[in-house]
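*Asks:* This is the structure I want to talk about, given as structure tokens.
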Amino acid sequence: MILRIENLHKQYKNVKAVDGVSFEIKKGEIFGLLGPNGAGKTTVIKMISTLTKPDEGFIEVKGFDVVKNRHDVRKAVAVVPQENNLDGDLTVHDNLLVYAALRRVPDAKRKVLEVMERFGIASKRNELVDKLSGGQKRRVIIARVMLAEPELILLDEPTLGLDPSIRREIWNLIVQIKNRGKSILLTTHYTEEAESLCDRVAIMSSGKIKRMGTPEELINEAGRFVLETSGQDGCRVFRIVRSRDELDEAMKENGSAACTVRDARLEDVVVIEGGINEHGA
């Protein structure tokens, strides 16, 4: 097991950003945290990478506690953040070389050339980062973290804001990283991304994990899902979820209702959970 998280909590003022989260990641696995903005996904990444401390619970990376063994954890983990944190005034090559020096990567010059070739940015080596497209910058950021050969890569919304065609190019890079035996935690709000890339997925909302399993398990569960509601709030939830074409009404009488999902996708699980969470049925 490369990562173990148990009963994780983090609160900012009056907001519970992470509320009792538990999961594990196996070696060589892509594990997805799927949910909307504000679900708590980035906060989980910040705690794993030792940027912020948990209020309760614990996190272990390769058996190292993230609070007590920060140095060992940081050697094993690399983060691809949502935002572009490259130096725009440096070339692609120099950005990678600076990072390699900071991480004390042996044989850095050779390694930089190697990752540029592997991630398809060798032709851009002498270009200033500010001149690159959004997709090219993402390639550089991903290539950069691979210089130190981390065992666990944390990808925080790696395709956010990219065109669909560029997004699929980044997906191919992520699969390439997995094929090198790396473990990956991927946060995303794109259901298609989670379904295509992840071995297992946890659906997050309001700081909690609502459902967890393989994409196939979650989809099959949605196909069997029966939503039963009652009362005024329950009827509002029913109206939200029954607006989907794939939902069949099974019963509606005396202020109560039930429905099932046909031809389910991972997106349907998220929609149903979102309706329940919003209205508290």
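Ordered as shown in the structure tokens, chains take letters A, B, and onward, while each chain numbers its residues from 1 and ligands are numbered from 1 in the order shown.
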Among the residues of stretch 68-256 of chain A, find those DSSP assigns to helix (DSSP H, G or I) from the backbone and print them as a PyMOL selection string.
*Replies:* chain A and resi 70-76+92-102+108-118+122-124+129-131+134-146+164-179+191-197+215-224+231-242
*Asks:* With only C-alpha atoms as the counted atoms, please give the residues lying no more than 8 Å from stretch 92-102 of chain A, apart from itself and same-chain residues fewer than 5 positions off, as a short mmCIF file (atom, residue, chain, number, x, y, z; two decimals) with N, CA and C atoms, in the first residue's frame.
*Replies:*
data_model
loop_
_atom_site.label_atom_id
_atom_site.label_comp_id
_atom_site.auth_asym_id
_atom_site.auth_seq_id
_atom_site.Cartn_x
_atom_site.Cartn_y
_atom_site.Cartn_z
N LEU A 86 5.12 27.36 -13.23
CA LEU A 86 6.40 27.43 -13.93
C LEU A 86 6.90 28.87 -13.95
N ASP A 87 8.20 29.05 -14.17
CA ASP A 87 8.78 30.38 -14.32
C ASP A 87 8.66 30.79 -15.78
N ALA A 108 21.46 15.25 -13.79
CA ALA A 108 20.29 16.07 -14.11
C ALA A 108 20.18 16.43 -15.59
N LYS A 109 21.29 16.77 -16.23
CA LYS A 109 21.21 17.20 -17.64
C LYS A 109 20.67 16.08 -18.53
N VAL A 112 16.90 15.56 -17.76
CA VAL A 112 16.06 16.60 -18.35
C VAL A 112 15.80 16.30 -19.83
N LYS A 124 10.37 22.10 -27.88
CA LYS A 124 10.10 23.39 -27.22
C LYS A 124 11.18 23.74 -26.19
N ARG A 125 12.26 23.00 -26.17
CA ARG A 125 13.25 23.13 -25.08
C ARG A 125 13.76 24.55 -24.92
N ASN A 126 13.92 25.31 -26.00
CA ASN A 126 14.50 26.65 -25.92
C ASN A 126 13.45 27.76 -25.96
N GLU A 127 12.19 27.40 -25.87
CA GLU A 127 11.12 28.41 -25.86
C GLU A 127 10.84 28.86 -24.43
N LEU A 128 10.53 30.15 -24.28
CA LEU A 128 10.10 30.65 -22.98
C LEU A 128 8.75 30.04 -22.63
N VAL A 129 8.58 29.69 -21.37
CA VAL A 129 7.33 29.05 -20.94
C VAL A 129 6.13 29.95 -21.21
N VAL A 140 4.87 20.27 -19.56
CA VAL A 140 6.12 20.64 -18.88
C VAL A 140 6.00 20.39 -17.38
N ARG A 144 8.21 17.77 -15.37
CA ARG A 144 9.06 18.27 -14.28
C ARG A 144 8.99 17.38 -13.05
N LEU A 147 11.03 14.11 -13.00
CA LEU A 147 12.49 14.14 -12.93
C LEU A 147 13.01 13.42 -11.69
N ALA A 148 12.29 13.56 -10.58
CA ALA A 148 12.75 12.97 -9.32
C ALA A 148 12.25 11.55 -9.12
#
*Asks:* Rank A:Ile2, A:Val105, A:Val44, A:Ala194 by their smallest atom-to-atom distance to A:Pro158, using only C-alpha atoms, and report the top residue only.
*Replies:*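 Closest to A:Pro158 of all the choices is A:Ala194.
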*Asks:* Rank A:Ile153, A:Val115, A:Ala17, A:Leu160 by their smallest atom-to-atom distance to A:Gln82, using only C-alpha atoms, and report the top residue only.
*Replies:*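 Checking each of A:Ile153, A:Val115, A:Ala17, A:Leu160 against A:Gln82, counting only C-alpha atoms, the winner is A:Leu160.
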*Asks:* Which one is closest to A:Ser183: A:His71, A:Lys16, A:His9, A:Lys62? Count only C-alpha atoms.
*Replies:*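 Distance minimum relative to A:Ser183 lands on A:Lys62.
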*Asks:* What lies within 7 Å of A:Glu29 using only C-alpha atoms, ignoring chain neighbours under 4 positions off, as a PDB file with N, CA and C atoms, in the first residue's frame?
*Replies:*
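Output (result33.pdb):
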ATOM      1  N   ILE A  25      -4.514   3.734  -1.353  1.00  0.00           N
ATOM      2  CA  ILE A  25      -4.094   3.600  -2.747  1.00  0.00           C
ATOM      3  C   ILE A  25      -3.034   2.514  -2.830  1.00  0.00           C
ATOM      4  N   SER A 183       2.222   5.231  -8.747  1.00  0.00           N
ATOM      5  CA  SER A 183       0.882   5.333  -8.175  1.00  0.00           C
ATOM      6  C   SER A 183       0.409   6.775  -8.328  1.00  0.00           C
ATOM      7  N   ILE A 184      -0.877   6.950  -8.602  1.00  0.00           N
ATOM      8  CA  ILE A 184      -1.401   8.281  -8.915  1.00  0.00           C
ATOM      9  C   ILE A 184      -2.694   8.533  -8.149  1.00  0.00           C
ATOM     10  N   ASP A 199      -8.572   3.344 -11.742  1.00  0.00           N
ATOM     11  CA  ASP A 199      -8.862   1.972 -11.323  1.00  0.00           C
ATOM     12  C   ASP A 199      -9.976   1.960 -10.292  1.00  0.00           C
TER      13      ASP A 199
END
*Asks:* Closest to A:Asp163 among A:Thr191, A:Arg139, A:Gly134, A:Gln11, using only C-alpha atoms?
*Replies:*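 Checking each candidate against A:Asp163, we get A:Gly134 as the closest.
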*Asks:* Of the candidates A:Leu34, A:Arg118, A:Leu3, A:Ile203, which one gets nearest to A:Val66 if we count only C-alpha atoms?
*Replies:*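 For A:Val66, the nearest of the given residues is A:Leu3.
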*Asks:* Let's see if you can do this: from backbone DSSP, list all strand (DSSP E or B) residues in stretch 123-196 of chain A, as number ranges by chain.
*Replies:* A: 128, 152-156, 183-188
*Asks:* For the selection just defined, write its residues with N, CA and C atoms to a file, as a PDB file, in the first residue's frame.
*Replies:*
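Below is the file that was written, out-v5.pdb:
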ATOM      1  N   LEU A 128      10.528  30.150 -24.276  1.00  0.00           N
ATOM      2  CA  LEU A 128      10.103  30.650 -22.976  1.00  0.00           C
ATOM      3  C   LEU A 128       8.747  30.036 -22.629  1.00  0.00           C
ATOM      4  N   LEU A 152       4.625   8.345  -5.689  1.00  0.00           N
ATOM      5  CA  LEU A 152       3.221   8.742  -5.653  1.00  0.00           C
ATOM      6  C   LEU A 152       3.098  10.127  -6.272  1.00  0.00           C
ATOM      7  N   ILE A 153       2.294  10.233  -7.333  1.00  0.00           N
ATOM      8  CA  ILE A 153       2.077  11.513  -8.005  1.00  0.00           C
ATOM      9  C   ILE A 153       0.667  11.984  -7.705  1.00  0.00           C
ATOM     10  N   LEU A 154       0.550  13.225  -7.242  1.00  0.00           N
ATOM     11  CA  LEU A 154      -0.733  13.830  -6.929  1.00  0.00           C
ATOM     12  C   LEU A 154      -1.091  14.801  -8.049  1.00  0.00           C
ATOM     13  N   LEU A 155      -2.094  14.457  -8.830  1.00  0.00           N
ATOM     14  CA  LEU A 155      -2.521  15.272  -9.967  1.00  0.00           C
ATOM     15  C   LEU A 155      -3.805  16.004  -9.591  1.00  0.00           C
ATOM     16  N   ASP A 156      -3.702  17.304  -9.369  1.00  0.00           N
ATOM     17  CA  ASP A 156      -4.853  18.091  -8.931  1.00  0.00           C
ATOM     18  C   ASP A 156      -5.503  18.764 -10.142  1.00  0.00           C
ATOM     19  N   SER A 183       2.222   5.231  -8.747  1.00  0.00           N
ATOM     20  CA  SER A 183       0.882   5.333  -8.175  1.00  0.00           C
ATOM     21  C   SER A 183       0.409   6.775  -8.328  1.00  0.00           C
ATOM     22  N   ILE A 184      -0.877   6.950  -8.602  1.00  0.00           N
ATOM     23  CA  ILE A 184      -1.401   8.281  -8.915  1.00  0.00           C
ATOM     24  C   ILE A 184      -2.694   8.533  -8.149  1.00  0.00           C
ATOM     25  N   LEU A 185      -2.755   9.709  -7.513  1.00  0.00           N
ATOM     26  CA  LEU A 185      -4.020  10.218  -6.986  1.00  0.00           C
ATOM     27  C   LEU A 185      -4.449  11.357  -7.898  1.00  0.00           C
ATOM     28  N   LEU A 186      -5.600  11.202  -8.522  1.00  0.00           N
ATOM     29  CA  LEU A 186      -6.107  12.158  -9.504  1.00  0.00           C
ATOM     30  C   LEU A 186      -7.369  12.811  -8.969  1.00  0.00           C
ATOM     31  N   THR A 187      -7.377  14.144  -8.863  1.00  0.00           N
ATOM     32  CA  THR A 187      -8.623  14.831  -8.536  1.00  0.00           C
ATOM     33  C   THR A 187      -9.205  15.413  -9.816  1.00  0.00           C
ATOM     34  N   THR A 188     -10.519  15.342  -9.944  1.00  0.00           N
ATOM     35  CA  THR A 188     -11.169  15.842 -11.152  1.00  0.00           C
ATOM     36  C   THR A 188     -12.647  16.079 -10.886  1.00  0.00           C
TER      37      THR A 188
END
*Asks:* Using only C-alpha atoms, find the one residue out of A:Ala143, A:Arg74, A:Pro215, A:Asn85 that sits nearest to A:Glu192.
*Replies:*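 When distances to A:Glu192 are compared using only C-alpha atoms, the smallest one comes from A:Pro215.
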*Asks:* Could you pull the residues within 10 Å of A:Arg180, counting only C-alpha atoms, minus those fewer than 6 positions along the same chain, as a PDB file with N, CA and C atoms, in the first residue's frame?
*Replies:*
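Once written, selection-v6.pdb looks like this:
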ATOM      1  N   GLY A  28       0.929   1.230  -8.018  1.00  0.00           N
ATOM      2  CA  GLY A  28       0.615   1.109  -9.433  1.00  0.00           C
ATOM      3  C   GLY A  28      -0.819   1.424  -9.801  1.00  0.00           C
ATOM      4  N   GLU A 149      11.551  10.989 -10.121  1.00  0.00           N
ATOM      5  CA  GLU A 149      11.018   9.620 -10.047  1.00  0.00           C
ATOM      6  C   GLU A 149      10.243   9.373  -8.749  1.00  0.00           C
ATOM      7  N   GLU A 151       7.296   8.135  -6.222  1.00  0.00           N
ATOM      8  CA  GLU A 151       6.508   6.900  -6.228  1.00  0.00           C
ATOM      9  C   GLU A 151       5.010   7.169  -6.215  1.00  0.00           C
TER      10      GLU A 151
END
*Asks:* Find the distance between atom CA of A:Arg200 and atom CA of A:Val73 and write it in Å to one decimal.
*Replies:*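 Taking atom CA of A:Arg200 and atom CA of A:Val73, their separation equals 22.9 Å.
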